[in-house]
$ cat work.txt   # compact mmCIF, C-alpha atoms and all ligand atoms
# COMPACT_ATOMS: atom_id res chain seq x y z
CA MET A 363 19.30 -10.58 -6.69
CA GLU A 364 19.04 -13.40 -4.19
CA ARG A 365 16.79 -16.07 -5.58
CA ASP A 366 17.93 -19.28 -4.09
CA LYS A 367 15.11 -21.71 -4.76
CA SER A 368 16.58 -24.38 -2.53
CA LYS A 369 16.20 -22.07 0.41
CA SER A 370 12.71 -22.64 1.68
CA SER A 371 11.17 -22.13 5.04
CA TYR A 372 7.86 -22.80 6.69
CA PHE A 373 5.20 -20.35 7.77
CA SER A 374 5.30 -21.95 11.21
CA ASP A 375 8.82 -20.58 11.65
CA TYR A 376 7.03 -17.34 12.47
CA LEU A 377 4.10 -18.71 14.43
CA LYS A 378 3.19 -20.41 17.71
CA PRO A 379 -0.23 -21.65 18.88
CA SER A 380 -0.22 -18.82 21.41
CA GLN A 381 -0.33 -16.38 18.46
CA ILE A 382 -3.66 -17.80 17.32
CA ILE A 383 -7.02 -16.72 18.67
CA LEU A 384 -10.41 -18.25 17.84
CA ASP A 385 -14.01 -17.05 18.16
CA LEU A 386 -13.11 -13.38 18.27
CA GLU A 387 -16.16 -11.17 18.64
CA VAL A 388 -15.62 -7.86 16.88
CA ASN A 389 -17.74 -5.42 14.89
CA ASP A 390 -15.29 -4.00 12.41
CA LYS A 391 -11.78 -3.94 10.98
CA LYS A 392 -10.38 -1.58 13.56
CA GLU A 393 -11.60 -3.65 16.48
CA VAL A 394 -10.07 -6.80 15.10
CA PHE A 395 -6.73 -5.07 14.48
CA GLU A 396 -6.76 -3.83 18.07
CA GLU A 397 -7.45 -7.32 19.44
CA LEU A 398 -4.76 -8.94 17.34
CA LEU A 399 -2.15 -6.33 18.18
CA ASP A 400 -3.01 -6.69 21.87
CA LEU A 401 -2.19 -10.36 21.55
CA LEU A 402 1.12 -9.60 19.82
CA LYS A 403 1.94 -7.23 22.65
CA LYS A 404 1.05 -9.82 25.27
CA GLN A 405 3.31 -12.28 23.48
CA LYS A 406 6.08 -9.65 23.59
CA LEU A 407 6.38 -9.65 19.81
CA ILE A 408 5.76 -5.92 19.59
CA LYS A 409 6.51 -3.19 22.07
CA ASN A 410 4.16 -0.45 21.02
CA LYS A 411 0.74 -1.02 19.52
CA LYS A 412 -0.34 2.43 18.40
CA PRO A 413 2.09 3.23 15.56
CA ILE A 414 1.55 -0.23 14.09
CA LEU A 415 -2.21 0.17 14.23
CA THR A 416 -1.91 3.44 12.34
CA ARG A 417 0.25 1.82 9.65
CA ILE A 418 -2.18 -1.05 9.22
CA ILE A 419 -5.15 1.26 8.87
CA ASP A 420 -3.30 3.52 6.39
CA ARG A 421 -2.42 0.54 4.27
CA GLU A 422 -5.94 -0.82 4.44
CA ARG A 423 -7.35 2.51 3.27
CA LEU A 424 -5.19 2.34 0.17
CA GLU A 425 -6.38 -1.11 -0.89
CA SER A 426 -8.24 -3.75 1.10
CA THR A 427 -6.13 -6.73 2.10
CA GLY A 428 -9.18 -8.99 1.93
CA ILE A 429 -7.88 -11.51 -0.61
CA GLY A 430 -11.24 -13.24 -1.08
CA HIS A 431 -12.93 -16.36 0.26
CA HIS A 432 -13.38 -14.83 3.73
CA VAL A 433 -9.66 -14.35 4.31
CA ALA A 434 -7.67 -11.13 4.88
CA LEU A 435 -3.93 -10.53 5.23
CA PRO A 436 -3.55 -7.07 6.78
CA HIS A 437 0.01 -5.95 7.30
CA ALA A 438 2.33 -3.15 8.30
CA ARG A 439 6.00 -2.56 7.73
CA PHE A 440 7.45 -1.60 11.03
CA ASN A 441 10.64 -2.38 12.83
CA THR A 442 9.37 -3.77 16.11
CA GLY A 443 12.88 -4.10 17.47
CA VAL A 444 11.94 -7.61 18.58
CA LYS A 445 11.83 -9.91 15.57
CA ASP A 446 11.87 -9.30 11.82
CA ILE A 447 8.39 -10.73 11.46
CA ALA A 448 5.51 -10.86 13.89
CA VAL A 449 2.44 -12.87 12.90
CA VAL A 450 -0.91 -13.24 14.62
CA VAL A 451 -3.93 -15.20 13.45
CA GLY A 452 -7.53 -14.49 14.41
CA ARG A 453 -10.67 -16.36 13.46
CA LEU A 454 -13.90 -14.47 14.00
CA LYS A 455 -17.15 -15.74 15.38
CA ASN A 456 -19.05 -13.68 12.81
CA GLY A 457 -17.64 -12.32 9.57
CA ILE A 458 -17.05 -8.57 9.20
CA ASP A 459 -17.10 -6.22 6.23
CA PHE A 460 -13.63 -5.82 4.81
CA ASP A 461 -14.24 -4.37 1.36
CA ALA A 462 -12.66 -7.59 0.12
CA ILE A 463 -11.96 -8.26 -3.53
CA ASP A 464 -14.97 -10.63 -3.77
CA LYS A 465 -17.08 -8.52 -1.37
CA LYS A 466 -17.42 -11.51 0.97
CA LYS A 467 -17.26 -10.96 4.71
CA VAL A 468 -13.96 -11.81 6.33
CA LYS A 469 -13.71 -14.52 8.98
CA LEU A 470 -10.04 -15.39 9.06
CA ILE A 471 -7.34 -12.77 9.51
CA ILE A 472 -3.61 -13.29 9.37
CA LEU A 473 -1.91 -10.10 10.44
CA ILE A 474 1.75 -9.56 9.65
CA VAL A 475 4.18 -6.93 10.89
CA TRP A 476 7.51 -7.01 9.12
CA ASN A 477 10.81 -5.22 9.30
CA PRO A 478 11.20 -3.12 6.13
CA ALA A 479 14.98 -3.30 6.43
CA ILE A 480 14.88 -6.89 5.17
CA PRO A 481 13.99 -6.73 1.47
CA GLY A 482 12.03 -9.57 -0.06
CA LEU A 483 11.02 -11.03 3.28
CA PHE A 484 7.43 -9.91 3.19
CA ASN A 485 6.86 -10.81 -0.44
CA HIS A 486 8.19 -14.27 0.25
CA LEU A 487 5.77 -14.74 3.11
CA PHE A 488 2.79 -13.17 1.37
CA ALA A 489 3.15 -15.17 -1.84
CA GLY A 490 3.45 -18.46 0.03
CA LEU A 491 0.41 -17.69 2.13
CA ALA A 492 -1.76 -16.47 -0.74
CA GLN A 493 -0.95 -19.54 -2.78
CA PHE A 494 -1.86 -21.90 0.05
CA LEU A 495 -5.01 -19.98 0.88
CA SER A 496 -6.23 -20.25 -2.70
CA SER A 497 -7.00 -23.95 -2.11
CA ASP A 498 -10.65 -24.63 -1.17
CA LYS A 499 -9.72 -27.75 0.74
CA PHE A 500 -7.10 -26.00 2.79
CA ARG A 501 -9.34 -23.07 3.65
CA LYS A 502 -12.13 -25.38 4.74
CA ARG A 503 -9.79 -27.00 7.24
CA LEU A 504 -8.78 -23.61 8.59
CA PHE A 505 -12.41 -22.62 9.10
CA THR A 506 -13.32 -25.84 10.87
CA ALA A 507 -10.29 -26.36 13.11
CA GLU A 508 -11.48 -26.53 16.71
CA THR A 509 -8.48 -25.36 18.70
CA PRO A 510 -5.52 -23.01 18.18
CA ASP A 511 -3.25 -26.07 18.20
CA GLU A 512 -5.21 -27.65 15.40
CA LEU A 513 -5.15 -24.43 13.37
CA TYR A 514 -1.43 -24.13 14.02
CA LYS A 515 -0.81 -27.63 12.66
CA ILE A 516 -2.65 -26.81 9.44
CA LEU A 517 -0.78 -23.52 8.98
CA SER A 518 2.49 -25.38 9.61
CA GLU A 519 2.03 -27.14 6.30
CA ILE A 520 2.65 -23.91 4.41
CA GLU A 521 6.03 -23.99 2.79
CA LEU A 522 7.46 -20.69 1.67
CA HIS A 523 9.49 -20.31 -1.51
CA LEU A 524 10.83 -17.21 -3.10
CA PRO A 525 8.39 -16.63 -5.94
CA PRO A 526 10.18 -16.56 -9.30
CA LEU A 527 9.37 -13.45 -11.33
CA GLU A 528 8.81 -15.37 -14.56
CA ASP A 529 5.80 -17.04 -12.96
CA LYS A 530 2.58 -15.30 -12.21
CA ILE A 531 2.59 -13.08 -9.18
CA ILE A 532 -0.14 -14.09 -6.85
CA HIS A 533 -2.72 -11.69 -5.48
CA ARG A 534 -0.81 -8.54 -6.42
CA GLY A 535 -2.68 -7.48 -9.54
CA ARG A 536 -4.84 -4.80 -7.96
CA LEU A 537 -1.91 -3.48 -5.99
CA LEU A 538 0.26 -3.07 -9.09
CA TRP A 539 -2.64 -1.46 -10.95
CA LYS A 540 -3.09 0.95 -8.06
CA LEU A 541 0.62 1.82 -8.15
CA GLN A 542 0.31 2.68 -11.82
CA GLU A 543 -2.71 4.89 -11.09
CA ILE A 544 -0.72 6.74 -8.45
CA GLU A 545 2.35 7.14 -10.66
CA LEU A 546 0.18 8.54 -13.47
CA LYS A 547 -1.52 10.96 -11.07
CA LYS A 548 1.89 12.08 -9.81
CA LYS A 549 2.78 13.35 -13.27
CA LYS A 550 -0.06 15.87 -13.17
CA ALA A 551 -0.13 16.58 -9.46
CA LYS A 552 0.56 19.87 -7.75
CA LYS A 553 3.16 20.11 -5.04
CA GLN A 554 0.87 19.52 -2.10
CA GLU A 555 -0.86 16.54 -3.62
CA LEU A 556 2.47 15.17 -4.79
CA LYS A 557 3.64 14.53 -1.27
CA GLU A 558 0.59 12.47 -0.39
CA LEU A 559 0.79 10.49 -3.62
CA GLY A 560 4.46 9.84 -2.97
CA GLN A 561 3.63 8.39 0.42
CA GLN A 562 0.95 6.15 -1.05
CA ALA A 563 3.34 4.91 -3.71
CA GLU A 564 5.94 4.17 -1.04
CA LEU A 565 3.44 2.09 0.94
CA ILE A 566 2.80 -0.08 -2.10
CA ARG A 567 6.42 -0.26 -3.22
CA ALA A 568 7.49 -1.48 0.19
CA GLU A 569 5.61 -4.70 -0.28
CA LEU A 570 6.48 -5.52 -3.87
CA ASP A 571 9.56 -7.40 -4.91
CA LYS A 572 12.52 -5.32 -6.12
CA ALA A 573 12.83 -7.17 -9.42
CA LEU A 574 9.15 -6.57 -10.11
CA LEU A 575 9.46 -2.86 -9.32
CA ASP A 576 12.57 -2.46 -11.47
CA ARG A 577 10.65 -3.88 -14.37
CA PHE A 578 7.64 -1.71 -13.57
CA ASP A 579 9.78 1.44 -13.55
CA ARG A 580 11.52 0.53 -16.79
CA LEU A 581 8.17 0.04 -18.51
CA MET A 582 6.79 3.29 -17.09
CA ASP A 583 9.85 5.16 -18.39
CA ARG A 584 9.69 3.62 -21.79
CA TYR A 585 5.96 3.56 -22.55
CA GLY A 586 4.31 5.69 -19.88
CA PHE A 587 2.42 2.55 -18.81
CA ALA A 588 3.55 -0.68 -17.19
CA VAL A 589 0.33 -2.53 -16.51
CA ALA A 590 -2.29 -3.37 -19.10
CA GLU A 591 -5.74 -4.83 -18.70
CA VAL A 592 -6.93 -7.88 -20.55
CA LYS A 593 -10.27 -7.42 -22.28
CA ASP A 594 -11.91 -10.20 -24.28
CA GLY A 595 -8.61 -12.03 -24.55
CA THR A 596 -6.72 -8.97 -25.83
CA CYS A 597 -3.85 -7.12 -24.15
CA MET A 598 -4.95 -3.48 -23.91
CA GLY A 599 -1.27 -2.47 -23.99
CA CYS A 600 -0.56 -3.71 -27.50
CA TYR A 601 -3.96 -4.90 -28.82
CA ILE A 602 -2.65 -8.34 -29.60
CA ASN A 603 -4.59 -11.44 -28.58
CA ILE A 604 -2.98 -13.38 -25.80
CA ALA A 605 -2.92 -17.16 -25.38
CA THR A 606 -6.37 -18.51 -24.51
CA GLY A 607 -5.09 -20.44 -21.51
CA MET A 608 -3.45 -17.38 -20.03
CA SER A 609 -6.41 -15.18 -20.85
CA SER A 610 -8.85 -17.38 -18.95
CA ALA A 611 -6.45 -17.65 -16.03
CA ILE A 612 -6.26 -13.87 -15.78
CA GLU A 613 -10.00 -13.29 -16.10
CA GLY A 614 -11.46 -12.30 -12.75
CA SER A 615 -8.21 -13.04 -10.94
CA ASN A 616 -6.01 -10.77 -8.87
CA ASP A 617 -2.78 -12.25 -10.16
CA ILE A 618 -0.18 -10.62 -12.40
CA TYR A 619 1.04 -12.08 -15.68
CA VAL A 620 3.30 -10.70 -18.39
CA CYS A 621 2.22 -10.07 -22.01
CA GLU A 622 4.42 -12.18 -24.26
CA ASN A 623 4.14 -9.58 -27.01
CA CYS A 624 4.69 -6.17 -25.38
CA GLY A 625 6.11 -7.29 -22.04
CA LYS A 626 3.69 -5.26 -19.95
CA PHE A 627 2.16 -6.68 -16.84
CA LEU A 628 -1.30 -8.04 -17.43
CA VAL A 629 -4.18 -7.83 -14.99
CA SER A 630 -7.85 -8.68 -15.20
CA ALA A 631 -10.07 -5.89 -16.53
CA GLU A 632 -12.86 -6.90 -14.18
CA ARG A 633 -12.46 -4.48 -11.37
CA GLU A 634 -15.30 -2.66 -9.75
CA GLU A 635 -14.81 0.99 -9.02
CA LYS A 636 -15.48 1.98 -5.46
ZN ZN B 1 0.71 -6.67 -24.83

$ encode --input "work.txt" --output "structure tokens" --more "lines below"
Ligand SMILES: [Zn+2]
Amino acid sequence: MERDKSKSSYFSDYLKPSQIILDLEVNDKKEVFEELLDLLKKQKLIKNKKPILTRIIDRERLESTGIGHHVALPHARFNTGVKDIAVVVGRLKNGIDFDAIDKKKVKLIILIVWNPAIPGLFNHLFAGLAQFLSSDKFRKRLFTAETPDELYKILSEIELHLPPLEDKIIHRGRLLWKLQEIELKKKKAKKQELKELGQQAELIRAELDKALLDRFDRLMDRYGFAVAEVKDGTCMGCYINIATGMSSAIEGSNDIYVCENCGKFLVSAEREEK
């Protein structure tokens, strides 16, 4: 496993001011994806828009990429044949519905297309972004920047590290929970349904770190479950109380932690059913 912590890069390695667009006027998700992909095409960072649009919409259907606080990180794994990562940033004039985790309308969208042949690349980028975007101060600057150049300068401050597995895993809780749901459904599914579930699982697996997935699969094999909810400070996987500090950090968050007692992944129990 390559986990060289000294090897860091900056988000701006993948971005130019010409890949940023402000005051977009759109009515829904699909329109904004179209606009942003048009810009990527104009910048010659993708060759063909349609297959990427389909991937993004498929992924979005599975689980919204609205990470909260008016920000969304839609993405698609696709080998563009140009670069390993293509990024485009759009800020909207008026927020749109995104089915985001906090139900807030989305105003800032960072769309990422990445080459699935490079493992770990996307996770690296996503974790760095999500961590930076969790700061109120930083987000406020992004929402008030007046020109693409100004927005570019702010985004250039984002330093990307490979996220160590022993730490919490940012903004992936719902995704991991969803993967467990799919894997459990697969056990009872009939042949026809199995294929569709397999495709959904693949979509999720493609954007999670290999070390995390290895651990997930080991836990699924051993216990039939890998992810447990935390309710009233108790791990629902082993019914042991977890540390108060960790429990309050997990509450209402979309991050992943690990139970010190049973080793299962812990996620917040507060999730609204659609
Ligand atoms: Zn436990």

$ closest_atom_pairs --input "work.txt" --of "chain A" --to "ligand ZN 1 (chain B)" --cutoff "10 Å" --atoms "only C-alpha atoms and all ligand atoms" --output "Markdown table"
| residue | atom | partner | partner_atom | distance |
| --- | --- | --- | --- | --- |
| A:Val589 | CA | B:ZN1 | ZN | 9.3 |
| A:Ala590 | CA | B:ZN1 | ZN | 7.3 |
| A:Glu591 | CA | B:ZN1 | ZN | 9.1 |
| A:Val592 | CA | B:ZN1 | ZN | 8.8 |
| A:Thr596 | CA | B:ZN1 | ZN | 7.8 |
| A:Cys597 | CA | B:ZN1 | ZN | 4.6 |
| A:Met598 | CA | B:ZN1 | ZN | 6.6 |
| A:Gly599 | CA | B:ZN1 | ZN | 4.7 |
| A:Cys600 | CA | B:ZN1 | ZN | 4.2 |
| A:Tyr601 | CA | B:ZN1 | ZN | 6.4 |
| A:Ile602 | CA | B:ZN1 | ZN | 6.1 |
| A:Asn603 | CA | B:ZN1 | ZN | 8.1 |
| A:Ile604 | CA | B:ZN1 | ZN | 7.7 |
| A:Val620 | CA | B:ZN1 | ZN | 8.0 |
| A:Cys621 | CA | B:ZN1 | ZN | 4.7 |
| A:Glu622 | CA | B:ZN1 | ZN | 6.7 |
| A:Asn623 | CA | B:ZN1 | ZN | 5.0 |
| A:Cys624 | CA | B:ZN1 | ZN | 4.0 |
| A:Gly625 | CA | B:ZN1 | ZN | 6.1 |
| A:Lys626 | CA | B:ZN1 | ZN | 5.9 |
| A:Phe627 | CA | B:ZN1 | ZN | 8.1 |
| A:Leu628 | CA | B:ZN1 | ZN | 7.8 |

$ closest_residue --input "work.txt" --among "A:Ile418, A:Val468, A:Val388, A:Leu402" --to "Lys445 (chain A)" --atoms "all atoms listed in the file"
A:Leu402

$ atom_distance --input "work.txt" --atom1 "CA of Val450 (chain A)" --atom2 "CA of Asp617 (chain A)"
24.9 Å

$ closest_residue --input "work.txt" --among "A:Phe494, A:Trp476, A:Phe578, A:Tyr376" --to "Leu538 (chain A)" --atoms "all atoms listed in the file"
A:Phe578

$ atom_distance --input "work.txt" --atom1 "CA of Val433 (chain A)" --atom2 "CA of Gly457 (chain A)"
9.8 Å

$ closest_residue --input "work.txt" --among "A:Lys406, A:Lys467, A:His486, A:Arg584" --to "His431 (chain A)" --atoms "only C-alpha atoms"
A:Lys467

$ atom_distance --input "work.txt" --atom1 "CA of Ala588 (chain A)" --atom2 "CA of Thr606 (chain A)"
21.7 Å

$ residues_around --input "work.txt" --residues "Val444 (chain A)" --least-positions-apart "2" --cutoff "8 Å" --atoms "all atoms listed in the file" --output "list of chain:residue names"
A:Lys406, A:Leu407, A:Ile408, A:Lys409, A:Asn441, A:Thr442, A:Asp446

$ closest_residue --input "work.txt" --among "A:Ala492, A:Val475, A:Ala551, A:Leu424" --to "His533 (chain A)" --atoms "only C-alpha atoms"
A:Ala492

$ closest_residue --input "work.txt" --among "A:Arg567, A:Arg421, A:Lys550, A:Lys530" --to "Ser615 (chain A)" --atoms "all atoms listed in the file"
A:Lys530

$ residues_around --input "work.txt" --residues "Pro379 (chain A)" --least-positions-apart "5" --cutoff "7 Å" --atoms "only C-alpha atoms" --output "CSV table (one decimal) with C-alpha atoms, in the frame of the given file"
chain,number,residue,atom,x,y,z
A,510,PRO,CA,-5.5,-23.0,18.2
A,511,ASP,CA,-3.2,-26.1,18.2
A,514,TYR,CA,-1.4,-24.1,14.0

$ closest_residue --input "work.txt" --among "A:Asp594, A:Asp498, A:Glu555, A:Glu397" --to "Met608 (chain A)" --atoms "only C-alpha atoms"
A:Asp594

$ decode --input "work.txt" --residues "region 447-475 of chain A" --atoms "C-alpha atoms" --output "PDB file, in the first residue's frame"
ATOM      1  CA  ILE A 447      -8.174  14.171 -13.450  1.00  0.00           C
ATOM      2  CA  ALA A 448     -10.398  16.863 -14.885  1.00  0.00           C
ATOM      3  CA  VAL A 449     -11.893  19.385 -12.479  1.00  0.00           C
ATOM      4  CA  VAL A 450     -14.403  22.159 -13.087  1.00  0.00           C
ATOM      5  CA  VAL A 451     -15.901  24.541 -10.549  1.00  0.00           C
ATOM      6  CA  GLY A 452     -19.242  26.302 -10.879  1.00  0.00           C
ATOM      7  CA  ARG A 453     -20.881  28.784  -8.557  1.00  0.00           C
ATOM      8  CA  LEU A 454     -24.586  29.302  -9.082  1.00  0.00           C
ATOM      9  CA  LYS A 455     -26.535  32.511  -9.035  1.00  0.00           C
ATOM     10  CA  ASN A 456     -29.367  30.758  -7.193  1.00  0.00           C
ATOM     11  CA  GLY A 457     -29.089  27.535  -5.227  1.00  0.00           C
ATOM     12  CA  ILE A 458     -30.683  24.352  -6.601  1.00  0.00           C
ATOM     13  CA  ASP A 459     -32.149  21.273  -4.952  1.00  0.00           C
ATOM     14  CA  PHE A 460     -29.544  18.565  -4.659  1.00  0.00           C
ATOM     15  CA  ASP A 461     -31.010  16.190  -2.084  1.00  0.00           C
ATOM     16  CA  ALA A 462     -27.977  17.139  -0.011  1.00  0.00           C
ATOM     17  CA  ILE A 463     -27.192  15.553   3.329  1.00  0.00           C
ATOM     18  CA  ASP A 464     -28.409  18.667   5.205  1.00  0.00           C
ATOM     19  CA  LYS A 465     -31.217  19.346   2.690  1.00  0.00           C
ATOM     20  CA  LYS A 466     -29.750  22.777   1.952  1.00  0.00           C
ATOM     21  CA  LYS A 467     -29.748  24.061  -1.607  1.00  0.00           C
ATOM     22  CA  VAL A 468     -26.455  23.784  -3.426  1.00  0.00           C
ATOM     23  CA  LYS A 469     -24.638  26.867  -4.684  1.00  0.00           C
ATOM     24  CA  LEU A 470     -21.089  25.688  -5.227  1.00  0.00           C
ATOM     25  CA  ILE A 471     -20.259  22.651  -7.324  1.00  0.00           C
ATOM     26  CA  ILE A 472     -16.870  21.081  -7.822  1.00  0.00           C
ATOM     27  CA  LEU A 473     -17.159  18.414 -10.484  1.00  0.00           C
ATOM     28  CA  ILE A 474     -14.438  15.811 -10.839  1.00  0.00           C
ATOM     29  CA  VAL A 475     -13.806  13.267 -13.579  1.00  0.00           C
TER      30      VAL A 475
END
